[in-house]
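Written below as C-alpha cells is the structure these notes are about.
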Amino acid sequence: MAREGFLVPVETQASLKKKTAVSTSWVFLDNSGESTILDVDKYAIMRRVQIHARDLRILDPLLSYPSTILGREKVIVLNLEHIKAIVTAEEVLLRDPFDDNVIPIVEELQRRLPLASSICLGQGEEEEHPSTESGEENEFPFEFRALEVVLEAICSFLDARTRELETDVYPALDELTSKISSRNLDRVRKLKSAMTRLTNRVQKVRDELEQLLDDDEDMSDLYLSRKLSWTSSPVTGFDAPNWFINSPTTGSKISKTSRASAATTQEEDDIDELEMLLEAYFMQIDGTMHKLTTMREYIDDTEDYINIQLDNHRNQLIQVLSLRNK
C-alpha cells in the first residue's frame with residue numbers, strides 16, 4: 001500500500017519531479033483572451049477538440065517527439081521545445097501553464113488573441129457597415145494569431161539561449177589561446193557540448209519550418225477558419241468571411257480530393273498570408289542557426305590552433321630529449 005502516492009505523507013523531491021513531468025494541467029484561451037486552467041486527462045482533451053490519440057501523443061512530455069507543426073482537420077498541433085499546444089479556430093489549449101517558460105506565452109496570448117476582434121468591434125461601433133466589412137477582410141485568422149505568438153516565443157527563446165552562450169564561448173576561447181591549461185580546456189569542452197545540444201534544438205525547429213514552407217498542401221491544412229467556413233456556410237458561400245470569399249474552393253466539400261483538384265494559381269495566393277508569417281520566423285531561426293555555425297567554426301579554428309601549438313611543443317620536447325640522449 002505504501003506504493004500508492006496518496007498514502008505517502010511526505011513527497012520526496014524525486015516524486016515531485018515525476019508528478020510535474022506527468023502534469024495534466026492545461027490552460028484554455030478563447031478568442032477574447034479569457035483563460036481557464038483545468039486538470040483534465042487526455043480523453044477529455046480528445047473529446048473537446050476532436051483530436052486523435054496519435055496526434056495528442058506528440059504532446060506527451062514523457063515521449064521524445066521532434067519539433068512538430070501539424071495541421072489536422074480541426075486543429076493545429078504544436079510541439080516546439082517547451083511549448084506543447086493545440087490550436088483550434090476558436091481557442092488555444094496549452095499544456096503545463098505553470099511552467100516558468102510557459103507563463104510568459106500565456107500572458108502574451110491573453111494580450112494578443114483578442115486584438116483583431118477588438119479592433120473590428122471598435123470600427124463597427126464608430127463607422128458604417130461597409131467599414132466593418134473592410135476591417136473583417138484584413139483580420140488575421142485566430143489560429144494564425146496564436147501561431148504567431150508561439151513562433152515568436154520559441155524563436156526568441158532559442159536566440160536568447162544562443163546569445164547567452166556567445167557571451168561565454170568567445171571569452172573562453174580567447175583565454176584558451178592565451179593560456180593552454182587543463183582548466184581552460186575542460187571549460188571549452190563543456191561549452192562545446194552545450195553548443196552542440198543547442199544547435200540540435202535550433203536545427204529541429206528550423207527544419208520543421210522549412211519543411212512546412214516547402215509544402216503548400218500542409219500550409220493549406222493550417223487554415224482552420226477557412227475549413228470551418230466550408231462546413232458551416234451554404235454552398236454559395238455568402239456567409240463566409242470576406243478574406244475567404246475569393247478562394248476558388250468555396251462551397252466545395254472538405255476532402256483531400258477536392259483540395260487537390262483546386263490547386264490553382266489563385267489558391268496558391270490564398271496561402272501567401274501564412275507563407276509570409278512562416279518565412280519571417282524562418283529567417284529569424286535561420287539567423288540563430290548562423291550564429292551557432294559561426295561559433296562552431298570559431299571553436300574549430302581554435303582547436304586547430306591549439307593542436308598546432310601542442311604539436312610544436314611536442315616536437316621541441318622530442319628534440320631536447322634526443323639531444324640529451326646523444
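Identifiers in the C-alpha cells: chain A, B, ... in order shown; residue index from 1 per chain; ligand index from 1 in order shown.
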As an mmCIF file with N, CA, C and O atoms, in the first residue's frame, list the residues of stretch 45-118 of chain A assigned to strand (DSSP E or B) by DSSP on the backbone atoms of this structure.
data_model
loop_
_atom_site.group_PDB
_atom_site.id
_atom_site.type_symbol
_atom_site.label_atom_id
_atom_site.label_comp_id
_atom_site.auth_asym_id
_atom_site.auth_seq_id
_atom_site.Cartn_x
_atom_site.Cartn_y
_atom_site.Cartn_z
ATOM 1 N N THR A 68 7.275 19.798 -34.069
ATOM 2 C CA THR A 68 6.156 19.496 -34.961
ATOM 3 C C THR A 68 5.201 20.675 -35.064
ATOM 4 O O THR A 68 4.840 21.283 -34.053
ATOM 5 N N ILE A 69 4.813 20.996 -36.304
ATOM 6 C CA ILE A 69 3.689 21.893 -36.580
ATOM 7 C C ILE A 69 2.774 21.109 -37.507
ATOM 8 O O ILE A 69 3.021 21.004 -38.696
ATOM 9 N N LEU A 70 1.721 20.547 -36.938
ATOM 10 C CA LEU A 70 0.898 19.570 -37.654
ATOM 11 C C LEU A 70 -0.514 20.100 -37.842
ATOM 12 O O LEU A 70 -1.202 20.432 -36.869
ATOM 13 N N GLY A 71 -0.959 20.186 -39.076
ATOM 14 C CA GLY A 71 -2.311 20.620 -39.376
ATOM 15 C C GLY A 71 -3.250 19.444 -39.568
ATOM 16 O O GLY A 71 -2.977 18.560 -40.387
ATOM 17 N N ILE A 76 -4.539 22.487 -34.986
ATOM 18 C CA ILE A 76 -3.111 22.544 -35.274
ATOM 19 C C ILE A 76 -2.401 22.058 -34.021
ATOM 20 O O ILE A 76 -2.644 22.564 -32.925
ATOM 21 N N VAL A 77 -1.533 21.067 -34.182
ATOM 22 C CA VAL A 77 -0.772 20.518 -33.059
ATOM 23 C C VAL A 77 0.626 21.123 -33.097
ATOM 24 O O VAL A 77 1.325 21.029 -34.110
ATOM 25 N N LEU A 78 1.035 21.743 -31.983
ATOM 26 C CA LEU A 78 2.334 22.416 -31.910
ATOM 27 C C LEU A 78 3.181 21.786 -30.817
ATOM 28 O O LEU A 78 2.805 21.798 -29.644
ATOM 29 N N ASN A 79 4.304 21.224 -31.223
ATOM 30 C CA ASN A 79 5.271 20.685 -30.266
ATOM 31 C C ASN A 79 6.619 21.334 -30.566
ATOM 32 O O ASN A 79 7.370 20.864 -31.430
ATOM 33 N N LEU A 80 6.897 22.441 -29.900
ATOM 34 C CA LEU A 80 8.118 23.203 -30.133
ATOM 35 C C LEU A 80 8.795 23.475 -28.790
ATOM 36 O O LEU A 80 8.346 24.321 -28.013
ATOM 37 N N ILE A 83 6.932 24.381 -25.581
ATOM 38 C CA ILE A 83 5.570 24.774 -25.975
ATOM 39 C C ILE A 83 4.847 23.568 -26.571
ATOM 40 O O ILE A 83 5.221 23.067 -27.629
ATOM 41 N N LYS A 84 3.829 23.123 -25.876
ATOM 42 C CA LYS A 84 3.024 21.988 -26.337
ATOM 43 C C LYS A 84 1.574 22.457 -26.338
ATOM 44 O O LYS A 84 0.959 22.596 -25.275
ATOM 45 N N ALA A 85 1.063 22.702 -27.543
ATOM 46 C CA ALA A 85 -0.237 23.369 -27.637
ATOM 47 C C ALA A 85 -1.105 22.751 -28.720
ATOM 48 O O ALA A 85 -0.609 22.110 -29.661
ATOM 49 N N ILE A 86 -2.404 22.969 -28.566
ATOM 50 C CA ILE A 86 -3.393 22.606 -29.579
ATOM 51 C C ILE A 86 -4.165 23.879 -29.908
ATOM 52 O O ILE A 86 -4.693 24.545 -29.014
ATOM 53 N N VAL A 87 -4.209 24.209 -31.179
ATOM 54 C CA VAL A 87 -4.897 25.422 -31.621
ATOM 55 C C VAL A 87 -6.090 25.024 -32.474
ATOM 56 O O VAL A 87 -5.954 24.223 -33.414
ATOM 57 N N GLU A 91 -10.060 28.525 -30.060
ATOM 58 C CA GLU A 91 -9.395 28.519 -28.771
ATOM 59 C C GLU A 91 -8.007 27.894 -28.868
ATOM 60 O O GLU A 91 -7.676 27.223 -29.856
ATOM 61 N N VAL A 92 -7.200 28.156 -27.832
ATOM 62 C CA VAL A 92 -5.855 27.601 -27.727
ATOM 63 C C VAL A 92 -5.784 26.806 -26.440
ATOM 64 O O VAL A 92 -6.216 27.268 -25.377
ATOM 65 N N LEU A 93 -5.239 25.598 -26.526
ATOM 66 C CA LEU A 93 -5.024 24.762 -25.354
ATOM 67 C C LEU A 93 -3.515 24.597 -25.182
ATOM 68 O O LEU A 93 -2.835 24.125 -26.093
ATOM 69 N N LEU A 94 -3.015 24.995 -24.023
ATOM 70 C CA LEU A 94 -1.576 24.990 -23.768
ATOM 71 C C LEU A 94 -1.287 24.133 -22.552
ATOM 72 O O LEU A 94 -1.916 24.293 -21.502
ATOM 73 N N ARG A 95 -0.315 23.237 -22.714
ATOM 74 C CA ARG A 95 -0.005 22.309 -21.632
ATOM 75 C C ARG A 95 0.952 22.932 -20.612
ATOM 76 O O ARG A 95 1.767 23.771 -20.946
#
Item checked: Closest of A:Glu81, A:Glu275, A:Asp41, A:Asp55 to A:Asp216 - atom-to-atom distances counting only C-alpha atoms ->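 Among the listed residues, A:Glu275 lies closest to A:Asp216.
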Margin query: Under the rule that only C-alpha atoms are counted, which of A:Gln203, A:Leu274, A:His52, A:Leu63 is the nearest residue to A:Leu147?
Written below: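 Result for the nearest residue to A:Leu147: A:Leu274.
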